[in-house]
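> Data file coords-v4.tsv (TSV, C-alpha atoms) is appended below.
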```
chain	number	residue	atom	x	y	z
A	1	MET	CA	3.04	10.62	-30.56
A	2	LYS	CA	3.97	6.94	-30.86
A	3	ILE	CA	6.70	4.73	-29.42
A	4	THR	CA	8.94	3.60	-32.28
A	5	ASN	CA	11.87	1.76	-30.72
A	6	MET	CA	13.34	0.39	-27.47
A	7	THR	CA	17.07	-0.17	-26.99
A	8	LEU	CA	18.82	-1.82	-24.03
A	9	TYR	CA	22.43	-1.34	-22.90
A	10	LYS	CA	23.99	-3.69	-20.32
A	11	VAL	CA	27.06	-2.00	-18.84
A	12	GLN	CA	29.43	-2.26	-15.89
A	13	PRO	CA	29.32	-2.34	-12.96
A	14	ARG	CA	25.94	-4.19	-12.91
A	15	TRP	CA	23.47	-1.93	-14.71
A	16	LEU	CA	20.96	-2.08	-17.55
A	17	PHE	CA	19.75	1.07	-19.33
A	18	LEU	CA	16.65	1.40	-21.52
A	19	LYS	CA	16.16	3.99	-24.27
A	20	VAL	CA	12.60	4.52	-25.54
A	21	GLU	CA	12.25	6.50	-28.78
A	22	THR	CA	9.21	8.21	-30.32
A	23	ASP	CA	8.17	9.43	-33.75
A	24	GLU	CA	8.40	13.04	-32.55
A	25	GLY	CA	12.09	12.73	-31.70
A	26	ILE	CA	11.57	12.75	-27.93
A	27	THR	CA	13.58	10.05	-26.12
A	28	GLY	CA	13.17	8.75	-22.60
A	29	TRP	CA	15.53	6.72	-20.42
A	30	GLY	CA	14.90	4.12	-17.72
A	31	GLU	CA	16.98	1.73	-15.67
A	32	PRO	CA	15.27	-1.68	-15.49
A	33	VAL	CA	17.51	-4.12	-13.64
A	34	ILE	CA	17.74	-6.58	-10.79
A	35	GLU	CA	21.32	-6.82	-9.60
A	36	GLY	CA	22.60	-10.23	-10.71
A	37	ARG	CA	19.61	-10.84	-13.02
A	38	ALA	CA	20.18	-8.25	-15.75
A	39	ASP	CA	19.63	-10.72	-18.59
A	40	THR	CA	16.36	-11.95	-17.10
A	41	VAL	CA	15.06	-8.39	-16.79
A	42	ARG	CA	16.24	-7.64	-20.33
A	43	ALA	CA	14.13	-10.57	-21.55
A	44	ALA	CA	11.12	-9.27	-19.62
A	45	VAL	CA	11.49	-5.81	-21.18
A	46	GLU	CA	11.70	-7.40	-24.62
A	47	GLU	CA	8.47	-9.30	-23.94
A	48	PHE	CA	6.70	-5.96	-23.41
A	49	ARG	CA	8.11	-4.56	-26.68
A	50	GLY	CA	5.35	-6.03	-28.85
A	51	TYR	CA	2.69	-4.31	-26.80
A	52	LEU	CA	4.45	-0.94	-26.48
A	53	ILE	CA	5.69	-0.27	-30.02
A	54	GLY	CA	3.15	1.97	-31.74
A	55	LYS	CA	1.49	3.05	-28.48
A	56	ASP	CA	1.11	6.61	-27.18
A	57	PRO	CA	3.82	7.04	-24.49
A	58	MET	CA	1.72	9.64	-22.66
A	59	ARG	CA	-0.77	7.01	-21.41
A	60	ILE	CA	1.56	5.93	-18.61
A	61	GLU	CA	-1.02	4.68	-16.13
A	62	ASP	CA	-2.83	2.62	-18.73
A	63	HIS	CA	0.41	1.04	-19.94
A	64	TRP	CA	1.37	0.23	-16.35
A	65	GLN	CA	-1.98	-1.47	-15.76
A	66	VAL	CA	-1.68	-3.50	-18.97
A	67	MET	CA	1.87	-4.65	-18.23
A	68	TYR	CA	0.96	-5.62	-14.65
A	69	ARG	CA	-2.61	-6.86	-14.79
A	70	THR	CA	-2.83	-8.67	-18.13
A	71	GLY	CA	-0.27	-11.24	-17.08
A	72	PHE	CA	-2.16	-14.04	-15.35
A	73	TYR	CA	0.97	-14.57	-13.22
A	74	ARG	CA	2.10	-11.18	-12.04
A	75	GLY	CA	4.67	-9.44	-9.91
A	76	GLY	CA	8.09	-10.68	-8.85
A	77	PRO	CA	11.41	-8.83	-8.98
A	78	GLU	CA	12.26	-9.34	-12.65
A	79	VAL	CA	8.88	-8.42	-14.13
A	80	MET	CA	8.38	-5.47	-11.76
A	81	SER	CA	11.88	-4.21	-12.58
A	82	ALA	CA	11.09	-4.39	-16.30
A	83	ILE	CA	7.88	-2.42	-15.72
A	84	ALA	CA	9.84	0.02	-13.52
A	85	GLY	CA	12.42	0.88	-16.18
A	86	ILE	CA	9.74	1.30	-18.85
A	87	ASP	CA	7.70	3.50	-16.50
A	88	GLU	CA	10.75	5.70	-15.78
A	89	ALA	CA	11.39	6.13	-19.51
A	90	LEU	CA	7.75	7.03	-20.23
A	91	TRP	CA	7.75	9.65	-17.47
A	92	ASP	CA	11.01	11.02	-18.90
A	93	ILE	CA	9.31	11.39	-22.30
A	94	LYS	CA	6.28	13.07	-20.77
A	95	GLY	CA	8.39	15.57	-18.83
A	96	ARG	CA	10.41	16.41	-21.93
A	97	PHE	CA	7.21	16.84	-23.96
A	98	TYR	CA	5.93	19.41	-21.45
A	99	ASN	CA	9.44	20.82	-20.81
A	100	ALA	CA	8.97	20.23	-17.08
A	101	PRO	CA	10.58	18.09	-14.38
A	102	ILE	CA	8.50	15.04	-13.54
A	103	TYR	CA	7.80	16.29	-10.03
A	104	ASP	CA	5.91	19.25	-11.53
A	105	LEU	CA	3.60	16.76	-13.23
A	106	LEU	CA	3.05	14.97	-9.90
A	107	GLY	CA	1.95	17.97	-7.85
A	108	GLY	CA	5.08	20.09	-7.68
A	109	ALA	CA	8.00	20.38	-5.28
A	110	CYS	CA	7.37	20.16	-1.55
A	111	ARG	CA	11.01	20.64	-0.48
A	112	ASP	CA	13.94	22.91	-1.28
A	113	LYS	CA	16.75	20.36	-1.02
A	114	LEU	CA	17.25	16.64	-0.46
A	115	LYS	CA	19.42	14.97	2.16
A	116	VAL	CA	21.57	12.08	0.89
A	117	TYR	CA	23.79	9.53	2.58
A	118	ARG	CA	26.98	7.80	1.51
A	119	TRP	CA	27.89	4.13	1.75
A	120	ILE	CA	31.14	3.24	3.51
A	121	GLY	CA	31.18	-0.52	2.94
A	122	GLY	CA	31.34	-2.91	5.87
A	123	ASP	CA	30.97	-6.26	4.09
A	124	ARG	CA	34.55	-7.14	5.02
A	125	PRO	CA	35.23	-4.33	7.47
A	126	ALA	CA	38.66	-2.80	7.87
A	127	ASP	CA	39.28	0.80	8.93
A	128	ILE	CA	35.65	1.83	8.89
A	129	ALA	CA	35.99	4.81	11.25
A	130	ASN	CA	38.36	6.51	8.81
A	131	ALA	CA	35.91	5.90	5.97
A	132	ALA	CA	33.20	7.60	8.03
A	133	LEU	CA	35.51	10.53	8.77
A	134	GLU	CA	36.27	10.84	5.07
A	135	ALA	CA	32.54	11.03	4.32
A	136	LYS	CA	32.10	13.66	7.02
A	137	ALA	CA	34.99	15.68	5.56
A	138	GLN	CA	33.22	15.55	2.18
A	139	GLY	CA	30.23	17.23	3.78
A	140	TYR	CA	27.98	14.24	4.39
A	141	SER	CA	26.10	14.20	7.67
A	142	ALA	CA	24.88	10.61	7.23
A	143	ILE	CA	26.42	7.28	6.24
A	144	LYS	CA	25.29	3.68	5.92
A	145	MET	CA	27.35	0.55	6.44
A	146	ASN	CA	26.80	-3.17	6.17
A	147	GLY	CA	26.79	-4.48	9.70
A	148	THR	CA	27.86	-8.08	9.66
A	149	GLU	CA	29.71	-10.71	7.78
A	150	GLU	CA	28.03	-14.11	7.36
A	151	LEU	CA	25.95	-15.30	10.31
A	152	HIS	CA	24.38	-18.67	11.05
A	153	TYR	CA	20.87	-19.01	12.51
A	154	VAL	CA	22.54	-18.99	15.94
A	155	ASP	CA	26.08	-17.71	16.01
A	156	ASN	CA	28.84	-16.58	18.35
A	157	PHE	CA	28.34	-13.36	20.31
A	158	SER	CA	31.83	-12.26	19.36
A	159	LYS	CA	30.48	-11.41	15.91
A	160	ILE	CA	27.87	-9.16	17.52
A	161	GLU	CA	30.58	-7.51	19.60
A	162	ALA	CA	32.63	-6.89	16.46
A	163	VAL	CA	29.73	-5.02	14.81
A	164	SER	CA	29.18	-3.03	17.97
A	165	ALA	CA	32.86	-2.07	18.16
A	166	ARG	CA	32.83	-0.78	14.57
A	167	VAL	CA	29.74	1.33	15.14
A	168	ALA	CA	31.20	2.63	18.41
A	169	ALA	CA	34.35	3.70	16.55
A	170	ILE	CA	32.29	5.68	14.03
A	171	ARG	CA	30.19	7.30	16.76
A	172	GLN	CA	33.28	8.28	18.73
A	173	ALA	CA	35.08	9.61	15.63
A	174	CYS	CA	32.18	11.54	14.11
A	175	GLY	CA	30.13	12.67	17.10
A	176	SER	CA	26.52	12.46	18.17
A	177	ASP	CA	25.17	14.74	15.44
A	178	PHE	CA	26.35	12.36	12.69
A	179	ASP	CA	23.69	9.96	11.37
A	180	ILE	CA	24.61	6.28	11.15
A	181	ALA	CA	22.53	3.55	9.54
A	182	VAL	CA	23.44	-0.13	9.82
A	183	ASP	CA	22.25	-2.49	7.11
A	184	PHE	CA	21.66	-6.06	8.35
A	185	HIS	CA	21.19	-6.85	4.61
A	186	GLY	CA	18.77	-9.67	5.38
A	187	ARG	CA	21.80	-11.79	6.27
A	188	VAL	CA	20.85	-11.98	9.96
A	189	HIS	CA	18.25	-14.52	11.06
A	190	LYS	CA	15.61	-13.64	13.64
A	191	THR	CA	17.42	-15.09	16.67
A	192	MET	CA	20.61	-13.11	16.09
A	193	ALA	CA	18.76	-10.05	14.75
A	194	LYS	CA	17.13	-9.55	18.15
A	195	VAL	CA	20.52	-9.70	19.85
A	196	LEU	CA	22.21	-7.37	17.36
A	197	ALA	CA	19.38	-4.82	17.32
A	198	HIS	CA	19.40	-4.65	21.12
A	199	GLU	CA	23.20	-4.28	21.22
A	200	LEU	CA	23.18	-1.40	18.71
A	201	ASP	CA	20.49	0.56	20.54
A	202	GLN	CA	23.13	2.35	22.62
A	203	TYR	CA	24.52	4.16	19.55
A	204	HIS	CA	21.26	5.95	18.66
A	205	LEU	CA	21.30	4.99	15.00
A	206	MET	CA	19.33	6.69	12.24
A	207	PHE	CA	17.90	3.24	11.45
A	208	ILE	CA	18.67	-0.45	11.13
A	209	GLU	CA	17.89	-1.84	7.68
A	210	GLU	CA	16.43	-5.20	6.71
A	211	PRO	CA	16.98	-6.78	10.14
A	212	VAL	CA	15.45	-9.88	8.57
A	213	LEU	CA	14.55	-10.81	5.01
A	214	SER	CA	11.29	-9.31	3.80
A	215	GLN	CA	9.88	-12.85	3.53
A	216	ASN	CA	10.18	-12.93	7.33
A	217	ASN	CA	8.58	-9.56	8.07
A	218	GLU	CA	6.42	-11.11	10.77
A	219	ALA	CA	9.60	-11.26	12.87
A	220	LEU	CA	9.77	-7.44	12.95
A	221	ARG	CA	7.24	-7.49	15.81
A	222	GLU	CA	9.66	-9.37	18.05
A	223	ILE	CA	12.71	-7.37	16.92
A	224	ALA	CA	10.90	-4.09	17.56
A	225	ASN	CA	10.25	-5.27	21.11
A	226	HIS	CA	14.01	-5.68	21.65
A	227	CYS	CA	15.14	-2.22	20.53
A	228	ASN	CA	14.15	1.42	20.21
A	229	THR	CA	16.00	2.07	16.94
A	230	PRO	CA	13.86	2.89	13.88
A	231	ILE	CA	13.43	-0.13	11.61
A	232	ALA	CA	13.71	0.20	7.81
A	233	THR	CA	12.91	-2.38	5.15
A	234	GLY	CA	11.38	-2.77	1.70
A	235	GLU	CA	14.12	-2.87	-0.94
A	236	ARG	CA	13.05	-6.44	-1.79
A	237	MET	CA	9.34	-5.67	-1.93
A	238	PHE	CA	7.94	-4.89	-5.35
A	239	SER	CA	4.37	-3.56	-5.22
A	240	ARG	CA	1.83	-1.81	-3.00
A	241	TRP	CA	0.21	-5.18	-2.36
A	242	GLU	CA	3.43	-6.46	-0.78
A	243	PHE	CA	3.73	-3.34	1.39
A	244	LYS	CA	0.10	-3.44	2.55
A	245	PRO	CA	0.51	-6.10	5.30
A	246	LEU	CA	3.73	-4.40	6.45
A	247	PHE	CA	1.85	-1.15	7.08
A	248	GLU	CA	-1.04	-2.94	8.73
A	249	ALA	CA	1.30	-4.74	11.16
A	250	GLY	CA	2.72	-1.42	12.33
A	251	TYR	CA	6.31	-2.46	13.13
A	252	VAL	CA	8.20	-0.60	10.43
A	253	ASP	CA	9.26	3.05	10.68
A	254	ILE	CA	10.87	3.59	7.27
A	255	ILE	CA	10.20	1.94	3.92
A	256	GLN	CA	12.83	1.67	1.17
A	257	PRO	CA	11.17	0.80	-2.15
A	258	ASP	CA	13.50	0.85	-5.14
A	259	LEU	CA	12.14	2.78	-8.12
A	260	SER	CA	13.96	0.48	-10.56
A	261	HIS	CA	12.51	-2.62	-8.90
A	262	ALA	CA	9.09	-1.71	-7.48
A	263	GLY	CA	7.19	-0.70	-10.59
A	264	GLY	CA	8.82	2.67	-11.22
A	265	ILE	CA	7.75	6.21	-10.40
A	266	SER	CA	4.04	5.40	-10.82
A	267	GLU	CA	3.99	2.57	-8.30
A	268	VAL	CA	6.37	4.00	-5.70
A	269	LYS	CA	4.41	7.26	-5.59
A	270	LYS	CA	1.39	5.18	-4.56
A	271	ILE	CA	3.40	3.16	-2.04
A	272	ALA	CA	4.73	6.37	-0.49
A	273	ALA	CA	1.21	7.77	-0.20
A	274	MET	CA	0.12	4.59	1.60
A	275	ALA	CA	3.10	4.98	3.94
A	276	GLU	CA	2.15	8.56	4.73
A	277	ALA	CA	-1.31	7.38	5.79
A	278	TYR	CA	0.39	5.05	8.31
A	279	ASP	CA	2.85	7.78	9.49
A	280	VAL	CA	5.78	5.88	7.95
A	281	ALA	CA	8.81	7.62	6.42
A	282	VAL	CA	10.35	6.84	3.02
A	283	ALA	CA	14.04	6.51	2.12
A	284	PRO	CA	14.19	5.09	-1.43
A	285	HIS	CA	16.71	2.34	-2.12
A	286	CYS	CA	19.12	3.20	-4.95
A	287	PRO	CA	22.57	1.57	-5.17
A	288	LEU	CA	22.22	1.78	-8.97
A	289	GLY	CA	23.04	4.18	-11.78
A	290	PRO	CA	22.27	7.79	-12.70
A	291	VAL	CA	18.90	7.21	-14.37
A	292	ALA	CA	17.56	5.27	-11.38
A	293	LEU	CA	18.79	8.03	-9.06
A	294	GLY	CA	17.19	10.67	-11.25
A	295	ALA	CA	13.86	8.86	-10.95
A	296	CYS	CA	14.25	8.74	-7.16
A	297	ILE	CA	14.99	12.44	-6.95
A	298	GLN	CA	11.94	13.32	-9.02
A	299	LEU	CA	9.76	11.30	-6.64
A	300	ASP	CA	11.54	12.61	-3.52
A	301	THR	CA	11.00	16.21	-4.55
A	302	CYS	CA	7.21	15.91	-4.49
A	303	THR	CA	6.84	13.37	-1.65
A	304	PRO	CA	6.70	14.88	1.85
A	305	ASN	CA	7.43	11.74	3.88
A	306	VAL	CA	10.77	11.13	2.12
A	307	PHE	CA	13.55	12.16	4.52
A	308	ILE	CA	16.77	10.91	2.91
A	309	GLN	CA	18.01	9.36	-0.34
A	310	GLU	CA	20.50	6.56	-0.94
A	311	GLN	CA	22.97	7.07	-3.80
A	312	SER	CA	25.84	5.05	-5.22
A	313	LEU	CA	28.67	7.55	-5.69
A	314	GLY	CA	31.80	5.61	-4.72
A	315	ILE	CA	29.80	2.65	-3.40
A	316	HIS	CA	31.91	-0.46	-2.82
A	317	TYR	CA	29.77	-2.56	-5.21
A	318	ASN	CA	30.78	-0.44	-8.22
A	319	LYS	CA	33.68	-2.06	-10.07
A	320	GLY	CA	34.33	-0.91	-13.63
A	321	GLY	CA	31.76	1.89	-13.63
A	322	ASP	CA	30.42	4.62	-11.38
A	323	LEU	CA	27.47	6.97	-11.01
A	324	LEU	CA	28.88	9.81	-13.11
A	325	ASP	CA	30.38	7.76	-15.95
A	326	TYR	CA	27.39	7.66	-18.29
A	327	ILE	CA	25.94	11.18	-18.02
A	328	LYS	CA	26.84	14.37	-19.85
A	329	ASP	CA	26.69	16.69	-16.83
A	330	PRO	CA	28.20	15.25	-13.62
A	331	GLU	CA	27.36	18.49	-11.80
A	332	ILE	CA	23.74	17.38	-11.33
A	333	TYR	CA	24.98	14.91	-8.70
A	334	ARG	CA	27.43	17.16	-6.85
A	335	TYR	CA	26.42	17.16	-3.19
A	336	LYS	CA	26.82	20.18	-0.94
A	337	ASN	CA	27.01	19.61	2.80
A	338	GLY	CA	25.25	16.30	2.45
A	339	PHE	CA	22.35	17.72	0.43
A	340	LEU	CA	21.40	17.76	-3.24
A	341	GLU	CA	19.85	20.78	-4.85
A	342	ILE	CA	16.50	20.15	-6.49
A	343	MET	CA	16.92	19.29	-10.18
A	344	THR	CA	15.20	21.61	-12.63
A	345	GLY	CA	15.73	19.98	-16.04
A	346	PRO	CA	12.86	18.45	-18.01
A	347	GLY	CA	11.82	14.85	-17.45
A	348	LEU	CA	14.22	12.97	-15.22
A	349	GLY	CA	16.69	15.85	-15.46
A	350	VAL	CA	19.43	13.44	-16.58
A	351	GLU	CA	21.20	13.68	-19.94
A	352	VAL	CA	22.58	10.24	-20.75
A	353	ASN	CA	25.84	9.95	-22.72
A	354	GLU	CA	24.72	7.29	-25.18
A	355	GLU	CA	28.08	7.10	-26.92
A	356	LYS	CA	29.73	6.02	-23.68
A	357	LEU	CA	26.93	3.50	-23.13
A	358	LYS	CA	27.48	2.01	-26.56
A	359	GLU	CA	31.21	1.67	-25.92
A	360	ALA	CA	30.68	0.22	-22.42
A	361	ALA	CA	28.09	-2.25	-23.70
A	362	LYS	CA	30.80	-3.91	-25.81
A	363	VAL	CA	32.33	-5.12	-22.54
A	364	SER	CA	29.02	-5.69	-20.73
A	365	HIS	CA	29.05	-7.56	-17.40
A	366	ASN	CA	27.93	-10.74	-15.68
A	367	TRP	CA	27.69	-9.46	-12.12
A	368	LYS	CA	26.50	-11.97	-9.52
A	369	ASN	CA	26.15	-11.94	-5.77
A	370	PRO	CA	29.07	-13.54	-3.96
A	371	ILE	CA	28.34	-16.94	-2.41
A	372	TRP	CA	28.99	-16.95	1.32
A	373	ARG	CA	29.05	-19.94	3.67
A	374	THR	CA	28.87	-20.18	7.44
A	375	PHE	CA	31.28	-21.97	9.79
A	376	ASP	CA	29.77	-25.40	9.04
A	377	GLY	CA	29.66	-24.99	5.27
A	378	THR	CA	25.96	-24.18	4.89
A	379	VAL	CA	25.03	-21.40	2.47
A	380	ALA	CA	24.75	-18.02	4.17
A	381	GLU	CA	22.66	-15.02	3.22
A	382	TRP	CA	24.67	-12.36	1.44
```
For this file, produce the structure as structure tokens.


Amino acid sequence: MKITNMTLYKVQPRWLFLKVETDEGITGWGEPVIEGRADTVRAAVEEFRGYLIGKDPMRIEDHWQVMYRTGFYRGGPEVMSAIAGIDEALWDIKGRFYNAPIYDLLGGACRDKLKVYRWIGGDRPADIANAALEAKAQGYSAIKMNGTEELHYVDNFSKIEAVSARVAAIRQACGSDFDIAVDFHGRVHKTMAKVLAHELDQYHLMFIEEPVLSQNNEALREIANHCNTPIATGERMFSRWEFKPLFEAGYVDIIQPDLSHAGGISEVKKIAAMAEAYDVAVAPHCPLGPVALGACIQLDTCTPNVFIQEQSLGIHYNKGGDLLDYIKDPEIYRYKNGFLEIMTGPGLGVEVNEEKLKEAAKVSHNWKNPIWRTFDGTVAEW
């Protein structure tokens, strides 16, 4: 079997899909994208085209090594996302060839169902308690929210109190058996992160996420000394080599690699195994589309230290497109009581509606992060 063609579709809200075709009629799908850098990742995928066309798609590990190691300058979000989407598509082809879900090719299922959580916004918070109650009424037992608006290196405590009040409202409305995660989104600098983490301790959160940017992971030591809440990070880390010093430092409880950013199924499976050796849990990052989520679920099913999965159904970032818009069977992502049944279809278990992709690609998108500024006009982290 040989790879014969690669086609990319850039569609709303901020996604990029990859179709890989073979001479035996088996097609695989991947989702290679960095939010806000879709065109850059598209170019990186195209650069790999010359190597991949004509190759055997079953040699996934060898192709991964070539794409990663034969570039003298390696890594980075755009290149690793290109590799990730290609890797997902190759695994999809392999699963379809053997008529088996990918997790069966990676050791088989180690769980019966998968817990998921729902986003409820929080960037510009309004009635966030009602949003949490709505999620609970839908059967979710866990939600995640963005904690803060823009913060300076040192900022007013009233902003910390505002975050605390919103979390308190959710806790009071939904009860103590409802899991709450608060995403600092890397927009909080170390000085304020210590204050905010300590203040939120009283609400017994499921975790706080990215209390500082991953470039500042050394600060996790000090933040961990100011709170007892589990600390999660890793969505902006792109290989096992980036995660290695994080594990060795010992101040993270949960890692959140993104399968469409961190080298795909092949690489994140290795990262998760490293985490297990350090007694660290995994909660894959996935605010993206249905192919990326399918890849996550395949990994989650055969990875024992995964405990929950992010998903983008109804997420506040999605404008002009949503999780179910580009697949033939929306039922695969219907959640029951906050859990997802294990998928049983071959490959990724996702049937992409290519006709809808073709139509949506005529509109395309140019999604970018908003630009935030602090009280004195300096650029803030978003």

> Can you work out the spacing between CA of Asp253 in chain A and CA of Gly289 in chain A in Å, to one decimal?

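It comes out at 26.4 Å.
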
> When you draw a straight line from CA of Lys358 in chain A to CA of Leu340 in chain A, how long is it in Å?

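CA of Leu340 in chain A lies 28.8 Å from CA of Lys358 in chain A.
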
> Check the smallest atom-to-atom distance from each of A:Ala272, A:Ile308, A:Ile327, A:Ala277 to Ala181 in chain A using all atoms listed in the file, then report the winner.

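Residue with the minimum atom-to-atom distance to Ala181 in chain A: A:Ile308.
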
> What lies within 10 Å of range 158-169 of chain A using all atoms listed in the file, ignoring chain neighbours under 2 positions off, as a ChimeraX atom specification?

/A:122,125-130,132,145-151,155-156,171-175,180-182,192-193,195-197,199-203,205

> Using Å and a single decimal, report how far CA of Ala38 in chain A sits from CA of Val79 in chain A.

11.4 Å

> Contacts of Glu222 in chain A at 10 Å or less, counting only C-alpha atoms, minus same-chain residues fewer than 3 places along, as a list in words?

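After dropping sequence-adjacent residues, the list is Lys190, Thr191, Ala193, Lys194, Glu218, Ala219, Asn225, His226, Cys227 and Tyr251 of chain A.
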
> Return as AutoDock Vina command-line options the centre and edge lengths, in Å with one decimal, of the box along x, y and z that encloses every atom of range 224-228 of chain A in the file, padded by 5 Å per side.


```
--center_x 12.7 --center_y -2.1 --center_z 19.6 --size_x 14.9 --size_y 17.1 --size_z 14.1
```

> Taking all atoms listed in the file into account, name the residue in A:His198, A:Arg240, A:Lys336, A:His152 that is nearest to Arg373 in chain A.

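Using all atoms listed in the file, Arg373 in chain A sits closest to A:His152.
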
> I'd like the neighbourhood of Ala281 in chain A as JSON, numbers by chain, where a residue qualifies if any of its atoms comes within 7 Å (using only C-alpha atoms), though same-chain residues fewer than 2 positions away should be ignored.

{"A": [253, 254, 255, 275, 276, 279, 283, 305, 306, 307]}

> Restricting the calculation to only C-alpha atoms, which member of A:Ala82, A:Glu21, A:Thr233, A:Pro57 is positioned closest to Val45 in chain A?

A:Ala82

> List the residues sitting within 10 Å of (22.8, 19.0, -6.5) in the file's frame, using all atoms listed in the file, as a PyMOL selection string.

chain A and resi 113-114+330-336+338-343
